[in-house]
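Notes follow the structure.
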Amino acid sequence: MHGMICGLLGAPDHVSAVAARARDLTVSWLRWGYFGDILEDTELPRLLSRARAAGGRYCLVQGYGHIVTEHAGPNGGRARGFFDALDQWTLGRDFVFAGSPGRCLLVDLAAWARHGEPVVEAAASIAFGPDLEAHLLDLQPDLSAADGFLSFLDEMCEKAKRGVFVLNYESYDDIAAPPPGFAAPVSTLYCVAAGLKPNRILETHGFDRHSRLVFFDYSRQALDFRRRLDAEWDGRDYPRLLRRMFEELDNAHYYLWPGASPDRMDWPELERLWAMELARWGGADAFADHWQRFRQLRRDYLHCNILAPAELLARITNEAGAVIWWSNVFCTVYSAAHHSLAEKRRIYEDWIARLADKAPDMFLLGADHSNSSVNAITAADYRAGYQARGGDPLLSRAFHRRAIRF
């Protein structure tokens, strides 16, 4: 949403362990759709003044334990996020405060200034209404209302360990062309086993018969799906292949879109998404030709968790033309459920340091621990820039040519 700055009300250094966990969950879920700096203060007027000084038009202020939920789906799908809904909600509305003070408050900073910067207790706050409320969840600062949400996290983490992305949720905008300084062809592409983005990376960056791939994933089912896809598919009519794969692959959790599952599929929607995919490639024949050339390449499949990256790092070498795509594995439901913001930062910084030591010339694609895009940069240059900027989870970072949403 243009002109949005998000903020937190609280003092992180003076809270209980439970409240600190509530804060971590608030920030982690905010990062699915918001990638700017997050301001934090104990006083609302001071926080709003900081947001206005930073050039914000609106400020969304949350208390610890308040969650902005998102409804994710494949790139080009019909799932609508909270900030898209909020953008529409603000059109034509005249207000200073909206929502629930202390928990989730939207402030029109221009109107707030025009009205003399009133305190929220002295002004009426209009309701969000059902369209926005459907995206909001209040766990409370002490997580007293979090039982259902935490059970949901346990369920999602269990599914993630056997998850399969048949299409990519993230776009291809960050890989539309090779980055400056990259010399084709790709020598080795290290990539998560998700969707068809690995193939698009090869196509846009260039590959030849000597190029190879290392697929890595913590989901055995994702690797099994990819292995079968590579070995059995001819590159045509993906929906027809998926009908068969859905029936044959046991115990996989397929990431599709809200309301969809293998036994409750909107097949016309999948056909529409496949048509969009083919259009990105220039048509069915262009994709099929790529697929046949791709199938001649050497491919390895490594079952590992990049959050404990020793096994993957052992496979990596420093060579011209090497590329790695890790998507947003450091900022997922799984990582947020298992690690605090500080732990995610430590794990990510350890990964970046070790990767830059091992392969300083490798080009990077993915997101950091706060879901900020990383692309068009080498491991060595990225480590230097990241260390200079700092890894505070509330900070935005712009080490990319093109920002995308994960």
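By convention here, the chains of the structure tokens are called A, B, ... in the order presented, each chain's residues are numbered starting at 1, and ligands are numbered starting at 1 in the order presented.
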Cut-off 9 Å: closest segment 154-244 of chain A/segment 293-314 of chain A atom pairs per residue, using only C-alpha atoms, as CSV:
```
residue,atom,partner,partner_atom,distance
A:Ala193,CA,A:Tyr301,CA,8.5
A:Asn199,CA,A:Phe294,CA,7.7
A:Leu202,CA,A:Phe294,CA,8.5
A:Phe207,CA,A:Phe294,CA,8.7
A:Asp208,CA,A:Leu297,CA,8.3
A:Arg209,CA,A:Leu297,CA,6.0
A:His210,CA,A:Leu297,CA,7.0
A:Ser211,CA,A:Leu297,CA,6.4
A:Arg212,CA,A:Arg298,CA,4.9
A:Leu213,CA,A:Arg299,CA,4.8
A:Val214,CA,A:Asp300,CA,4.8
A:Phe215,CA,A:Tyr301,CA,4.8
A:Phe216,CA,A:Leu302,CA,4.6
A:Asp217,CA,A:His303,CA,5.4
A:Tyr218,CA,A:Asn305,CA,4.8
A:Ser219,CA,A:His303,CA,7.1
A:Arg220,CA,A:His303,CA,6.4
A:Leu223,CA,A:Tyr301,CA,6.4
A:Asp224,CA,A:Tyr301,CA,8.7
A:Arg226,CA,A:Tyr301,CA,8.7
A:Arg227,CA,A:Tyr301,CA,7.6
A:Asp230,CA,A:Arg295,CA,6.4
A:Ala231,CA,A:Arg295,CA,7.4
```
* Got a sec to tell me which of segment 114-200 of chain A DSSP assigns to helix (DSSP H, G or I), as a ChimeraX atom specification? -> /A:114,120-122,130-133,147-160,173-175,197-200
Got time to write the residues from that selection, N, CA and C atoms, as a JSON list (two decimals), in the first residue's frame?
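So the final result, stored in part-v3.json, reads:
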```json
[["chain", "number", "residue", "atom", "x", "y", "z"],
["A", 114, "ARG", "N", -4.03, 17.78, 10.16],
["A", 114, "ARG", "CA", -5.01, 18.86, 9.91],
["A", 114, "ARG", "C", -5.87, 19.13, 11.13],
["A", 120, "VAL", "N", -5.83, 9.85, 20.60],
["A", 120, "VAL", "CA", -6.85, 8.92, 20.14],
["A", 120, "VAL", "C", -8.02, 8.84, 21.11],
["A", 121, "GLU", "N", -7.76, 9.07, 22.41],
["A", 121, "GLU", "CA", -8.84, 8.99, 23.40],
["A", 121, "GLU", "C", -9.87, 10.11, 23.22],
["A", 122, "ALA", "N", -9.47, 11.19, 22.54],
["A", 122, "ALA", "CA", -10.38, 12.34, 22.39],
["A", 122, "ALA", "C", -11.05, 12.38, 21.03],
["A", 130, "PRO", "N", -16.29, -5.87, 8.21],
["A", 130, "PRO", "CA", -15.99, -7.30, 8.04],
["A", 130, "PRO", "C", -14.91, -7.61, 7.01],
["A", 131, "ASP", "N", -14.79, -6.84, 5.94],
["A", 131, "ASP", "CA", -13.80, -7.15, 4.91],
["A", 131, "ASP", "C", -12.38, -7.09, 5.46],
["A", 132, "LEU", "N", -12.10, -6.09, 6.28],
["A", 132, "LEU", "CA", -10.77, -5.99, 6.88],
["A", 132, "LEU", "C", -10.64, -6.88, 8.10],
["A", 133, "GLU", "N", -11.69, -6.95, 8.90],
["A", 133, "GLU", "CA", -11.63, -7.77, 10.11],
["A", 133, "GLU", "C", -11.33, -9.23, 9.79],
["A", 147, "ASP", "N", -4.49, -20.06, 21.66],
["A", 147, "ASP", "CA", -4.48, -21.52, 21.60],
["A", 147, "ASP", "C", -4.81, -22.04, 20.20],
["A", 148, "GLY", "N", -5.87, -21.51, 19.62],
["A", 148, "GLY", "CA", -6.25, -21.97, 18.29],
["A", 148, "GLY", "C", -5.21, -21.63, 17.25],
["A", 149, "PHE", "N", -4.62, -20.46, 17.34],
["A", 149, "PHE", "CA", -3.60, -20.04, 16.39],
["A", 149, "PHE", "C", -2.35, -20.91, 16.52],
["A", 150, "LEU", "N", -1.93, -21.19, 17.74],
["A", 150, "LEU", "CA", -0.74, -22.02, 17.94],
["A", 150, "LEU", "C", -0.97, -23.45, 17.47],
["A", 151, "SER", "N", -2.18, -23.95, 17.63],
["A", 151, "SER", "CA", -2.50, -25.27, 17.09],
["A", 151, "SER", "C", -2.45, -25.26, 15.57],
["A", 152, "PHE", "N", -2.93, -24.16, 14.99],
["A", 152, "PHE", "CA", -2.84, -23.98, 13.54],
["A", 152, "PHE", "C", -1.38, -23.99, 13.09],
["A", 153, "LEU", "N", -0.50, -23.32, 13.84],
["A", 153, "LEU", "CA", 0.92, -23.31, 13.49],
["A", 153, "LEU", "C", 1.51, -24.72, 13.52],
["A", 154, "ASP", "N", 1.16, -25.48, 14.55],
["A", 154, "ASP", "CA", 1.64, -26.87, 14.62],
["A", 154, "ASP", "C", 1.20, -27.66, 13.39],
["A", 155, "GLU", "N", -0.05, -27.48, 13.00],
["A", 155, "GLU", "CA", -0.57, -28.18, 11.83],
["A", 155, "GLU", "C", 0.15, -27.75, 10.56],
["A", 156, "MET", "N", 0.37, -26.44, 10.40],
["A", 156, "MET", "CA", 1.05, -25.94, 9.21],
["A", 156, "MET", "C", 2.49, -26.41, 9.14],
["A", 157, "CYS", "N", 3.16, -26.48, 10.28],
["A", 157, "CYS", "CA", 4.56, -26.93, 10.29],
["A", 157, "CYS", "C", 4.65, -28.41, 9.93],
["A", 158, "GLU", "N", 3.70, -29.18, 10.41],
["A", 158, "GLU", "CA", 3.68, -30.60, 10.05],
["A", 158, "GLU", "C", 3.46, -30.76, 8.55],
["A", 159, "LYS", "N", 2.56, -29.97, 7.98],
["A", 159, "LYS", "CA", 2.31, -30.03, 6.55],
["A", 159, "LYS", "C", 3.51, -29.55, 5.74],
["A", 160, "ALA", "N", 4.22, -28.54, 6.27],
["A", 160, "ALA", "CA", 5.36, -27.99, 5.54],
["A", 160, "ALA", "C", 6.44, -29.04, 5.31],
["A", 173, "ASP", "N", 9.54, -11.76, -11.56],
["A", 173, "ASP", "CA", 10.03, -10.42, -11.91],
["A", 173, "ASP", "C", 11.49, -10.22, -11.54],
["A", 174, "ASP", "N", 11.96, -10.94, -10.52],
["A", 174, "ASP", "CA", 13.35, -10.77, -10.10],
["A", 174, "ASP", "C", 14.33, -11.54, -10.97],
["A", 175, "ILE", "N", 13.83, -12.35, -11.88],
["A", 175, "ILE", "CA", 14.71, -13.16, -12.74],
["A", 175, "ILE", "C", 14.43, -12.92, -14.21],
["A", 197, "LYS", "N", 10.01, -22.16, -11.16],
["A", 197, "LYS", "CA", 10.94, -21.04, -11.17],
["A", 197, "LYS", "C", 12.38, -21.47, -11.46],
["A", 198, "PRO", "N", 12.84, -22.65, -10.99],
["A", 198, "PRO", "CA", 14.19, -23.06, -11.37],
["A", 198, "PRO", "C", 14.38, -23.10, -12.89],
["A", 199, "ASN", "N", 13.37, -23.55, -13.59],
["A", 199, "ASN", "CA", 13.47, -23.60, -15.05],
["A", 199, "ASN", "C", 13.50, -22.22, -15.67],
["A", 200, "ARG", "N", 12.73, -21.30, -15.08],
["A", 200, "ARG", "CA", 12.74, -19.94, -15.62],
["A", 200, "ARG", "C", 14.09, -19.27, -15.37]]
```
* Write out as a PyMOL selection string each polymer residue whose atoms come within 9 Å of Phe82 of chain A, counting only C-alpha atoms; drop sequence neighbours fewer than 5 positions from it. => chain A and resi 33+68-71+87+132+134-136
* Figure out the distance between atom CA of Trp325 of chain A and atom CA of Met276 of chain A, please, to one decimal in Å. => 22.2 Å
* Asked: Near Asp41 of chain A, within 8 Å and counting only C-alpha atoms, which residues show up once chain neighbours fewer than 4 positions away are dropped, as a PyMOL selection string?
  -> chain A and resi 7-11+46-47
